[in-house]
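This is structure03.cif. It holds mmCIF, C-alpha atoms and all ligand atoms.
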data_my_file
loop_
_atom_site.label_atom_id
_atom_site.label_comp_id
_atom_site.auth_asym_id
_atom_site.auth_seq_id
_atom_site.Cartn_x
_atom_site.Cartn_y
_atom_site.Cartn_z
CA MET A 21 12.24 25.65 -30.32
CA GLU A 22 13.09 23.11 -27.56
CA TYR A 23 13.18 25.81 -24.83
CA ILE A 24 9.87 27.32 -25.84
CA SER A 25 8.09 23.97 -26.09
CA ILE A 26 9.39 23.11 -22.62
CA MET A 27 7.92 26.41 -21.37
CA LYS A 28 4.63 25.56 -23.04
CA ARG A 29 4.70 22.10 -21.46
CA ILE A 30 5.30 23.69 -18.02
CA LYS A 31 2.32 25.99 -18.56
CA LEU A 32 0.23 22.96 -19.52
CA ASN A 33 1.41 20.98 -16.45
CA ASN A 34 0.50 23.91 -14.19
CA THR A 35 -2.98 23.96 -15.70
CA ILE A 36 -3.36 20.20 -15.15
CA VAL A 37 -2.21 20.55 -11.52
CA LEU A 38 -4.71 23.38 -11.00
CA ILE A 39 -7.58 21.39 -12.52
CA LEU A 40 -6.72 18.32 -10.41
CA SER A 41 -6.58 20.37 -7.20
CA VAL A 42 -9.96 21.94 -8.01
CA CYS A 43 -11.38 18.44 -8.58
CA ILE A 44 -9.95 17.18 -5.24
CA VAL A 45 -11.37 20.19 -3.37
CA LEU A 46 -14.76 19.75 -5.02
CA TYR A 47 -14.71 15.98 -4.23
CA LEU A 48 -13.77 16.55 -0.59
CA THR A 49 -16.39 19.29 -0.31
CA ALA A 50 -19.03 17.00 -1.76
CA CYS A 51 -18.06 14.38 0.84
CA GLY A 52 -18.25 17.07 3.54
CA GLU A 53 -14.59 16.40 4.18
CA ALA A 54 -13.36 19.88 3.35
CA LYS A 55 -15.08 23.21 3.77
CA VAL A 56 -14.16 25.73 1.06
CA PRO A 57 -14.46 29.04 2.93
CA ASP A 58 -17.27 31.12 1.39
CA THR A 59 -14.78 33.95 0.86
CA GLN A 60 -12.42 31.81 -1.22
CA VAL A 61 -13.18 32.31 -4.90
CA LEU A 62 -11.06 29.98 -7.01
CA GLU A 63 -9.21 32.15 -9.52
CA GLU A 64 -10.90 31.46 -12.85
CA THR A 65 -8.18 30.24 -15.22
CA GLU A 66 -8.64 32.60 -18.16
CA ASP A 67 -7.96 30.38 -21.14
CA LEU A 68 -7.82 33.24 -23.68
CA VAL A 69 -6.06 32.91 -27.01
CA VAL A 70 -3.41 35.65 -27.03
CA VAL A 71 -3.08 37.47 -30.37
CA GLY A 72 -0.28 39.96 -30.97
CA PHE A 73 -1.24 42.36 -33.80
CA SER A 74 1.41 44.57 -35.43
CA GLN A 75 -0.47 47.26 -37.40
CA VAL A 76 1.12 49.61 -40.00
CA GLY A 77 -0.07 52.83 -38.40
CA ALA A 78 -3.09 55.18 -38.56
CA GLU A 79 -2.28 56.92 -41.87
CA SER A 80 -5.72 56.59 -43.47
CA ASP A 81 -9.44 55.97 -42.95
CA TRP A 82 -8.89 52.50 -44.37
CA ARG A 83 -6.22 51.73 -41.78
CA ASN A 84 -8.39 52.93 -38.91
CA ALA A 85 -11.31 50.79 -40.13
CA ASN A 86 -8.95 47.82 -40.39
CA THR A 87 -7.73 48.37 -36.82
CA GLN A 88 -11.30 48.71 -35.52
CA SER A 89 -12.31 45.47 -37.24
CA MET A 90 -9.50 43.61 -35.45
CA LYS A 91 -10.30 45.21 -32.07
CA ASP A 92 -14.04 44.44 -32.47
CA THR A 93 -13.23 40.80 -33.24
CA PHE A 94 -10.48 39.87 -30.78
CA THR A 95 -12.30 40.65 -27.54
CA ARG A 96 -12.23 38.82 -24.20
CA GLU A 97 -15.91 37.97 -24.68
CA ASN A 98 -14.89 36.16 -27.89
CA GLY A 99 -12.13 34.32 -26.01
CA TYR A 100 -9.14 36.43 -27.02
CA GLU A 101 -6.61 38.76 -25.51
CA LEU A 102 -5.45 41.24 -28.20
CA ILE A 103 -2.08 42.93 -27.83
CA PHE A 104 -2.17 45.81 -30.34
CA SER A 105 0.80 47.83 -31.61
CA ASP A 106 0.76 50.82 -34.04
CA ALA A 107 4.11 51.03 -35.90
CA GLN A 108 3.65 54.62 -37.17
CA GLN A 109 4.45 53.27 -40.66
CA LYS A 110 7.98 52.17 -39.65
CA GLN A 111 9.15 48.61 -40.38
CA SER A 112 11.74 48.84 -37.58
CA ASN A 113 8.91 49.35 -35.07
CA GLN A 114 7.09 46.30 -36.43
CA ILE A 115 10.21 44.14 -36.13
CA THR A 116 10.72 45.25 -32.51
CA THR A 117 7.06 44.56 -31.76
CA ILE A 118 7.20 41.04 -33.23
CA ARG A 119 10.23 40.27 -31.04
CA THR A 120 8.25 41.45 -28.01
CA PHE A 121 5.36 39.19 -29.01
CA ILE A 122 7.82 36.26 -29.21
CA GLN A 123 9.17 37.02 -25.73
CA ARG A 124 5.61 37.21 -24.38
CA GLU A 125 4.90 33.82 -26.00
CA VAL A 126 1.69 34.99 -27.69
CA ASP A 127 -0.34 32.23 -29.30
CA TYR A 128 -0.54 33.98 -32.71
CA ILE A 129 1.20 36.88 -34.43
CA VAL A 130 -0.86 38.92 -36.91
CA LEU A 131 1.24 41.20 -39.11
CA ALA A 132 0.01 43.98 -41.42
CA PRO A 133 3.38 44.67 -43.10
CA VAL A 134 4.14 48.28 -44.07
CA THR A 135 6.20 47.11 -47.07
CA GLU A 136 6.93 43.73 -48.67
CA ASP A 137 10.69 43.27 -48.09
CA GLY A 138 12.84 42.76 -44.97
CA TRP A 139 10.84 40.17 -42.98
CA ASP A 140 12.88 36.96 -43.33
CA THR A 141 14.94 37.32 -40.14
CA VAL A 142 12.18 38.25 -37.68
CA LEU A 143 9.69 35.77 -39.16
CA SER A 144 12.36 33.05 -38.83
CA GLU A 145 12.58 33.95 -35.12
CA ALA A 146 8.78 33.58 -34.83
CA LYS A 147 9.00 30.22 -36.59
CA GLU A 148 11.82 29.16 -34.23
CA ALA A 149 9.53 30.10 -31.32
CA ASP A 150 6.81 27.92 -32.84
CA ILE A 151 4.35 30.87 -33.07
CA PRO A 152 2.06 30.89 -36.13
CA VAL A 153 2.14 34.13 -38.20
CA ILE A 154 -0.89 35.41 -40.11
CA VAL A 155 -0.20 38.22 -42.59
CA VAL A 156 -3.05 40.64 -43.42
CA ASP A 157 -3.58 43.30 -46.09
CA ARG A 158 -0.22 43.86 -47.79
CA GLN A 159 2.03 40.89 -48.50
CA VAL A 160 5.53 39.89 -47.38
CA ASN A 161 8.20 38.99 -49.93
CA VAL A 162 10.14 36.18 -48.14
CA SER A 163 12.62 33.55 -49.39
CA ASP A 164 10.60 30.75 -47.73
CA ASP A 165 6.83 31.03 -47.54
CA SER A 166 6.71 28.63 -44.57
CA LEU A 167 7.71 31.75 -42.60
CA PHE A 168 4.02 32.65 -42.45
CA ASP A 169 0.97 30.43 -42.14
CA CYS A 170 -1.68 32.40 -44.08
CA TRP A 171 -2.35 35.73 -45.80
CA VAL A 172 -5.68 37.49 -46.27
CA GLY A 173 -6.16 40.69 -48.27
CA SER A 174 -6.92 42.28 -51.62
CA ASN A 175 -5.77 41.72 -55.19
CA PHE A 176 -4.25 45.16 -55.65
CA ARG A 177 -3.26 44.76 -59.27
CA LEU A 178 -6.83 43.75 -60.08
CA GLU A 179 -8.05 46.87 -58.24
CA GLY A 180 -5.77 48.95 -60.48
CA GLU A 181 -6.89 47.20 -63.66
CA LYS A 182 -10.55 47.67 -62.70
CA VAL A 183 -10.01 51.45 -62.49
CA GLY A 184 -8.04 51.30 -65.75
CA GLU A 185 -10.87 49.52 -67.55
CA TRP A 186 -13.41 51.95 -66.12
CA LEU A 187 -11.35 54.90 -67.43
CA HIS A 188 -11.05 53.24 -70.85
CA ARG A 189 -14.82 52.65 -70.99
CA TYR A 190 -15.40 56.30 -70.01
CA PHE A 191 -13.03 57.68 -72.68
CA VAL A 192 -14.60 55.52 -75.39
CA GLN A 193 -18.19 56.46 -74.37
CA ASN A 194 -17.27 60.16 -74.43
CA GLU A 195 -15.25 59.92 -77.66
CA ILE A 196 -12.08 61.12 -75.99
CA ASP A 197 -8.84 60.44 -77.91
CA GLU A 198 -7.03 58.19 -75.39
CA ALA A 199 -3.60 58.85 -76.86
CA GLY A 200 -3.92 62.45 -75.77
CA VAL A 201 -4.95 61.72 -72.17
CA ASN A 202 -2.39 62.94 -69.60
CA ILE A 203 -2.49 61.05 -66.29
CA VAL A 204 -0.53 61.69 -63.08
CA ASN A 205 -0.14 58.91 -60.51
CA ILE A 206 -0.09 59.81 -56.80
CA LYS A 207 1.46 56.62 -55.44
CA GLY A 208 0.96 55.08 -52.02
CA THR A 209 3.82 54.07 -49.70
CA LEU A 210 6.58 52.85 -52.02
CA GLY A 211 7.15 49.11 -51.70
CA ALA A 212 3.75 48.38 -50.18
CA SER A 213 1.84 45.62 -52.03
CA SER A 214 -1.08 48.02 -52.49
CA GLN A 215 1.20 50.58 -54.15
CA ILE A 216 2.98 47.99 -56.30
CA GLY A 217 -0.31 46.44 -57.40
CA ARG A 218 -2.27 49.63 -58.07
CA SER A 219 0.62 51.30 -59.90
CA GLY A 220 1.08 48.07 -61.84
CA GLY A 221 -2.58 48.04 -62.84
CA LEU A 222 -2.30 51.60 -64.12
CA SER A 223 0.84 50.81 -66.15
CA ILE A 224 -0.89 47.82 -67.78
CA SER A 225 -3.89 49.98 -68.78
CA ALA A 226 -1.74 52.90 -69.94
CA ARG A 227 0.26 50.60 -72.22
CA LYS A 228 -2.90 48.88 -73.51
CA TYR A 229 -4.72 52.16 -74.32
CA ASN A 230 -1.77 54.39 -75.14
CA TRP A 231 -2.38 56.91 -72.34
CA ASN A 232 0.38 59.38 -71.45
CA LEU A 233 1.64 58.81 -67.90
CA LEU A 234 2.73 62.42 -67.51
CA ALA A 235 4.22 62.16 -63.98
CA GLU A 236 4.15 60.31 -60.71
CA ALA A 237 4.76 61.30 -57.08
CA GLU A 238 4.62 59.54 -53.70
CA GLY A 239 1.57 60.52 -51.70
CA GLU A 240 2.31 58.04 -48.85
CA TYR A 241 -1.46 57.33 -48.58
CA THR A 242 -1.89 60.57 -46.60
CA GLN A 243 -3.96 63.69 -47.32
CA ALA A 244 -1.20 66.10 -46.32
CA ARG A 245 1.53 64.58 -48.50
CA ALA A 246 -0.82 64.21 -51.47
CA ARG A 247 -1.83 67.88 -51.24
CA GLU A 248 1.84 68.87 -51.22
CA VAL A 249 2.90 66.74 -54.21
CA MET A 250 -0.22 67.67 -56.22
CA THR A 251 0.50 71.36 -55.66
CA ASN A 252 4.01 70.82 -57.03
CA LEU A 253 2.63 68.96 -60.08
CA LEU A 254 0.11 71.75 -60.79
CA ASN A 255 2.96 74.26 -60.69
CA LYS A 256 4.82 72.16 -63.24
CA TYR A 257 2.04 70.97 -65.61
CA ASP A 258 -0.97 72.82 -67.08
CA ASN A 259 -2.27 69.81 -69.05
CA ILE A 260 -3.23 67.24 -66.40
CA ASN A 261 -6.46 65.44 -67.36
CA VAL A 262 -6.68 62.62 -64.76
CA VAL A 263 -5.24 62.16 -61.24
CA TYR A 264 -4.92 58.48 -60.22
CA CYS A 265 -4.87 58.54 -56.39
CA GLU A 266 -3.85 55.28 -54.72
CA ASN A 267 -6.21 55.86 -51.81
CA ASP A 268 -9.06 58.16 -50.79
CA ASN A 269 -7.05 60.20 -48.29
CA GLU A 270 -4.69 61.13 -51.12
CA ALA A 271 -7.75 62.11 -53.18
CA PHE A 272 -8.85 64.48 -50.38
CA GLY A 273 -5.46 66.21 -50.51
CA VAL A 274 -5.49 66.34 -54.32
CA ILE A 275 -8.94 67.98 -54.28
CA GLU A 276 -7.66 70.64 -51.86
CA ALA A 277 -4.65 71.33 -54.11
CA ILE A 278 -6.71 71.59 -57.33
CA GLU A 279 -9.35 73.84 -55.77
CA SER A 280 -6.66 76.06 -54.18
CA ALA A 281 -5.23 76.47 -57.71
CA GLY A 282 -8.65 77.69 -58.87
CA LEU A 283 -9.11 74.74 -61.24
CA LYS A 284 -12.20 72.60 -61.83
CA ILE A 285 -12.63 68.98 -60.72
CA GLY A 286 -14.88 66.57 -62.60
CA PRO A 287 -15.15 63.96 -65.38
CA ASP A 288 -15.58 66.51 -68.22
CA ILE A 289 -11.91 66.54 -69.20
CA ALA A 290 -12.79 67.78 -72.71
CA ASP A 291 -13.99 70.96 -71.00
CA GLY A 292 -10.78 71.33 -68.97
CA GLN A 293 -12.00 69.62 -65.76
CA ILE A 294 -9.48 67.40 -63.91
CA MET A 295 -10.85 63.90 -63.25
CA ILE A 296 -9.93 62.08 -60.01
CA VAL A 297 -10.07 58.31 -59.48
CA SER A 298 -9.22 56.55 -56.20
CA PHE A 299 -9.16 53.42 -54.01
CA ASP A 300 -10.66 52.26 -50.68
CA GLY A 301 -14.26 53.58 -50.54
CA VAL A 302 -14.28 53.19 -46.74
CA SER A 303 -15.17 56.67 -45.44
CA GLU A 304 -18.47 58.59 -45.79
CA GLN A 305 -16.41 61.52 -47.03
CA ALA A 306 -15.10 59.50 -49.98
CA ILE A 307 -18.54 58.18 -50.88
CA GLU A 308 -20.02 61.71 -50.67
CA LEU A 309 -17.29 63.08 -52.95
CA ALA A 310 -18.01 60.25 -55.40
CA LYS A 311 -21.73 61.07 -55.32
CA GLU A 312 -20.86 64.73 -56.06
CA GLY A 313 -18.71 63.59 -59.00
CA LYS A 314 -15.50 64.98 -57.47
CA ILE A 315 -14.14 61.44 -57.37
CA SER A 316 -15.29 59.79 -60.61
CA CYS A 317 -14.53 56.18 -59.70
CA ILE A 318 -13.42 54.36 -56.51
CA ALA A 319 -12.19 50.76 -56.47
CA GLU A 320 -13.31 49.29 -53.15
CA CYS A 321 -10.61 47.94 -50.82
CA ASN A 322 -12.28 45.99 -48.01
CA PRO A 323 -10.67 46.63 -44.56
CA LEU A 324 -12.78 44.24 -42.47
CA HIS A 325 -10.15 41.57 -41.89
CA GLY A 326 -11.00 40.85 -38.22
CA PRO A 327 -13.58 38.09 -38.83
CA ARG A 328 -11.43 36.57 -41.60
CA VAL A 329 -8.39 36.36 -39.32
CA ARG A 330 -10.54 34.90 -36.52
CA LYS A 331 -11.75 32.15 -38.89
CA ILE A 332 -8.12 31.35 -39.77
CA ILE A 333 -7.15 31.16 -36.08
CA GLU A 334 -10.13 28.96 -35.25
CA SER A 335 -9.08 26.56 -38.02
CA LEU A 336 -5.48 26.50 -36.81
CA GLU A 337 -6.70 25.92 -33.22
CA LYS A 338 -8.48 22.81 -34.53
CA GLY A 339 -5.34 21.68 -36.35
CA VAL A 340 -6.94 22.46 -39.74
CA ARG A 341 -4.65 24.26 -42.21
CA PRO A 342 -6.62 26.96 -44.11
CA GLU A 343 -5.85 28.17 -47.66
CA LYS A 344 -2.45 29.87 -47.74
CA PHE A 345 -3.79 32.93 -49.61
CA GLU A 346 -7.33 34.31 -49.22
CA TYR A 347 -8.41 37.15 -51.53
CA VAL A 348 -11.46 39.23 -50.61
CA ASP A 349 -14.16 40.20 -53.16
CA GLU A 350 -14.46 43.94 -53.81
CA SER A 351 -16.68 46.32 -55.78
CA ILE A 352 -16.25 49.50 -57.85
CA TYR A 353 -18.19 52.69 -57.02
CA SER A 354 -19.18 55.57 -59.30
CA SER A 355 -22.03 58.07 -59.70
CA ILE A 356 -21.57 58.00 -63.52
CA ASP A 357 -24.40 55.63 -64.39
CA SER A 358 -23.56 55.18 -68.08
CA ILE A 359 -20.98 52.50 -67.14
CA ARG A 360 -22.66 49.53 -65.49
CA GLU A 361 -19.87 46.96 -65.64
CA ILE A 362 -16.28 46.49 -66.75
CA GLN A 363 -14.27 43.40 -67.71
CA VAL A 364 -10.79 42.36 -66.56
CA ASP A 365 -9.26 39.17 -68.04
CA GLU A 366 -12.71 38.24 -69.49
CA LYS A 367 -14.34 38.42 -66.03
CA ALA A 368 -17.18 40.92 -65.59
CA TYR A 369 -17.31 43.24 -62.56
CA PRO A 370 -20.56 45.20 -61.97
CA ILE A 371 -20.28 48.86 -60.95
CA THR A 372 -22.13 49.98 -57.79
CA ILE A 373 -23.84 53.19 -58.96
CA LEU A 374 -23.93 55.82 -56.21
CA LYS A 375 -27.02 58.06 -56.13
C1 LIG A 401 -4.77 48.58 -48.83
C2 LIG A 401 -3.95 49.23 -47.75
C3 LIG A 401 -3.74 50.65 -48.07
C4 LIG A 401 -5.04 51.44 -48.23
C5 LIG A 401 -4.60 52.77 -47.70
O1 LIG A 401 -5.08 47.28 -48.47
O2 LIG A 401 -2.69 48.61 -47.64
O3 LIG A 401 -3.02 51.24 -47.00
O4 LIG A 401 -5.51 51.52 -49.54
C6 LIG A 401 -3.80 52.34 -46.50
O5 LIG A 401 -5.66 53.62 -47.36
O6 LIG A 401 -3.01 53.36 -46.03
#
Would you mind writing the structure in this file as structure tokens?
Ligand code: GZL
Amino acid sequence: MEYISIMKRIKLNNTIVLILSVCIVLYLTACGEAKVPDTQVLEETEDLVVVGFSQVGAESDWRNANTQSMKDTFTRENGYELIFSDAQQKQSNQITTIRTFIQREVDYIVLAPVTEDGWDTVLSEAKEADIPVIVVDRQVNVSDDSLFDCWVGSNFRLEGEKVGEWLHRYFVQNEIDEAGVNIVNIKGTLGASSQIGRSGGLSISARKYNWNLLAEAEGEYTQARAREVMTNLLNKYDNINVVYCENDNEAFGVIEAIESAGLKIGPDIADGQIMIVSFDGVSEQAIELAKEGKISCIAECNPLHGPRVRKIIESLEKGVRPEKFEYVDESIYSSIDSIREIQVDEKAYPITILK
């Protein structure tokens, strides 16, 4: 801590020296005492705020939209220098990247953690280096929450319960015996907050409404892996009614697997169709599939964290401490217009009907 603050003080002194020398030159020039050669252009001191961003990877449309939002926000025109790193979904890469950010003395570290556990050591090093850490999207599970300054993201368990309540409303409306409904869960990256929350939301609904959670598999939030695990499940089970995909890219893979097996996709499970529900709602492809009824319900997961993180940094720059946790508001999409709203914990959530 002492070393780094000395370094920061040296940087500050250099800036002061530079400003003073510019003032002296300008004063002497004004008095005609010194002639600044026309060719000499004083190097503009770029006073950019340096942000080091450690991103999970590029595994999904949501992730790419999240990355783009950060890159669109932290531009030089807006007064920032963004150092971006894609971890290819490996925590070890993120830890190495954060250590590089510390060595480069960035002003802020933004971390989108691939999974919740294993951050105490490296975030302690960032704290030692007196560099604020902002966590986005998924959360970190640390022994001391002073190891990060703020978090902004979604309430993933609520997202799961919203889909659960929508399914319940659908079964009741269509007089489907819920106890007989067989659901398979294609999970996201195990240990990610979004996986823990969405799977948790499904478990709560399944217990409440007596659904049969037939099987689960890890789809890793990717289309390829989801197609693979869904193919295996179709080879094993001939009574799947609903596939609960923990993101849209998994849903794309599940649709490929079901159609390759010659089976029908849709909400009419009484007639043997297999219903698909999903999360994110970021890509045109997902919205189109929802309009066609191939995805019956999508819980929105908003990826546009760039402006939110910028607001947090601007507060911290002014010495104002923002809320520790900031949850974003999100909708639910469906083309089935007989369900206009659902309730979770007595709070009503309107459905955005897709035409
Ligand atoms: C959710 C985010 C998830 C998305 C997936 O906030 O963590 O990770 O739902 C992405 O698409 O891979």
Which residues are near ligand LIG 401 (chain A) - at most 9 Å, using all atoms listed in the file? Format: as a PyMOL selection string. chain A and resi 76-84+86+132-134+156-158+173-176+208-209+212-215+240-242+266-270+299-300+302+320-323
Between A:Ile203, A:Ala237, A:Ile318, A:Leu102, which residue has the minimum interatomic distance to Asn261 of chain A, considering only C-alpha atoms?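 Of the candidates, the smallest distance to Asn261 of chain A is held by A:Ile203.
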Once you count all atoms listed in the file, which residues end up no further than 10 Å from (7.5, 31.3, -36.0) in the file's frame, shown as an mmCIF file with C-alpha atoms, in the frame of the given file?
data_model
loop_
_atom_site.group_PDB
_atom_site.id
_atom_site.type_symbol
_atom_site.label_atom_id
_atom_site.label_comp_id
_atom_site.auth_asym_id
_atom_site.auth_seq_id
_atom_site.Cartn_x
_atom_site.Cartn_y
_atom_site.Cartn_z
ATOM 1 C CA MET A 21 12.240 25.650 -30.320
ATOM 2 C CA ILE A 122 7.820 36.260 -29.210
ATOM 3 C CA TYR A 128 -0.540 33.980 -32.710
ATOM 4 C CA ILE A 129 1.200 36.880 -34.430
ATOM 5 C CA VAL A 142 12.180 38.250 -37.680
ATOM 6 C CA LEU A 143 9.690 35.770 -39.160
ATOM 7 C CA SER A 144 12.360 33.050 -38.830
ATOM 8 C CA GLU A 145 12.580 33.950 -35.120
ATOM 9 C CA ALA A 146 8.780 33.580 -34.830
ATOM 10 C CA LYS A 147 9.000 30.220 -36.590
ATOM 11 C CA GLU A 148 11.820 29.160 -34.230
ATOM 12 C CA ALA A 149 9.530 30.100 -31.320
ATOM 13 C CA ASP A 150 6.810 27.920 -32.840
ATOM 14 C CA ILE A 151 4.350 30.870 -33.070
ATOM 15 C CA PRO A 152 2.060 30.890 -36.130
ATOM 16 C CA VAL A 153 2.140 34.130 -38.200
ATOM 17 C CA SER A 166 6.710 28.630 -44.570
ATOM 18 C CA LEU A 167 7.710 31.750 -42.600
ATOM 19 C CA PHE A 168 4.020 32.650 -42.450
ATOM 20 C CA ASP A 169 0.970 30.430 -42.140
#
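Closest approach to Asp288 of chain A among A:Val130, A:Val262, A:Val162, A:Leu234: A:Val262, based on only C-alpha atoms.
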Take atom CA of Lys338 of chain A and atom CA of Leu68 of chain A and report the distance between them in Å, one decimal. 15.1 Å
Incomplete segment 72-80 of chain A filled out to all heavy atoms as a tab-separated table (two decimals), keeping the file's coordinate frame:
chain	number	residue	atom	x	y	z
A	72	GLY	N	-1.10	38.74	-30.86
A	72	GLY	CA	-0.28	39.96	-30.97
A	72	GLY	C	-0.47	40.53	-32.38
A	72	GLY	O	-0.21	39.84	-33.36
A	73	PHE	N	-0.95	41.77	-32.49
A	73	PHE	CA	-1.24	42.36	-33.80
A	73	PHE	C	-0.32	43.56	-34.04
A	73	PHE	O	-0.40	44.56	-33.31
A	73	PHE	CB	-2.71	42.79	-33.89
A	73	PHE	CG	-3.09	43.51	-35.18
A	73	PHE	CD1	-2.52	43.14	-36.40
A	73	PHE	CD2	-4.02	44.52	-35.16
A	73	PHE	CE1	-2.87	43.79	-37.58
A	73	PHE	CE2	-4.40	45.18	-36.35
A	73	PHE	CZ	-3.81	44.80	-37.56
A	74	SER	N	0.54	43.45	-35.06
A	74	SER	CA	1.41	44.57	-35.43
A	74	SER	C	0.79	45.28	-36.63
A	74	SER	O	0.79	44.76	-37.75
A	74	SER	CB	2.81	44.06	-35.81
A	74	SER	OG	3.58	45.14	-36.33
A	75	GLN	N	0.25	46.47	-36.38
A	75	GLN	CA	-0.47	47.26	-37.40
A	75	GLN	C	0.48	48.31	-37.99
A	75	GLN	O	1.35	48.83	-37.32
A	75	GLN	CB	-1.69	47.93	-36.76
A	75	GLN	CG	-2.52	48.86	-37.67
A	75	GLN	CD	-3.10	48.19	-38.90
A	75	GLN	OE1	-2.36	47.80	-39.79
A	75	GLN	NE2	-4.42	48.07	-38.95
A	76	VAL	N	0.27	48.64	-39.29
A	76	VAL	CA	1.12	49.61	-40.00
A	76	VAL	C	1.18	50.94	-39.26
A	76	VAL	O	2.23	51.51	-38.98
A	76	VAL	CB	0.58	49.84	-41.43
A	76	VAL	CG1	1.20	51.04	-42.08
A	76	VAL	CG2	0.79	48.58	-42.27
A	77	GLY	N	-0.03	51.49	-39.00
A	77	GLY	CA	-0.07	52.83	-38.40
A	77	GLY	C	-1.52	53.30	-38.34
A	77	GLY	O	-2.41	52.49	-38.12
A	78	ALA	N	-1.72	54.61	-38.55
A	78	ALA	CA	-3.09	55.18	-38.56
A	78	ALA	C	-3.13	56.25	-39.66
A	78	ALA	O	-3.70	57.32	-39.50
A	78	ALA	CB	-3.41	55.78	-37.20
A	79	GLU	N	-2.50	55.95	-40.79
A	79	GLU	CA	-2.28	56.92	-41.87
A	79	GLU	C	-3.52	57.23	-42.69
A	79	GLU	O	-3.54	58.22	-43.43
A	79	GLU	CB	-1.14	56.41	-42.79
A	79	GLU	CG	-1.53	55.28	-43.73
A	79	GLU	CD	-1.62	53.90	-43.06
A	79	GLU	OE1	-1.41	53.78	-41.84
A	79	GLU	OE2	-1.92	52.94	-43.79
A	80	SER	N	-4.56	56.37	-42.58
A	80	SER	CA	-5.72	56.59	-43.47
A	80	SER	C	-7.00	56.07	-42.83
A	80	SER	O	-6.98	55.30	-41.86
A	80	SER	CB	-5.47	55.84	-44.79
A	80	SER	OG	-5.51	54.44	-44.54
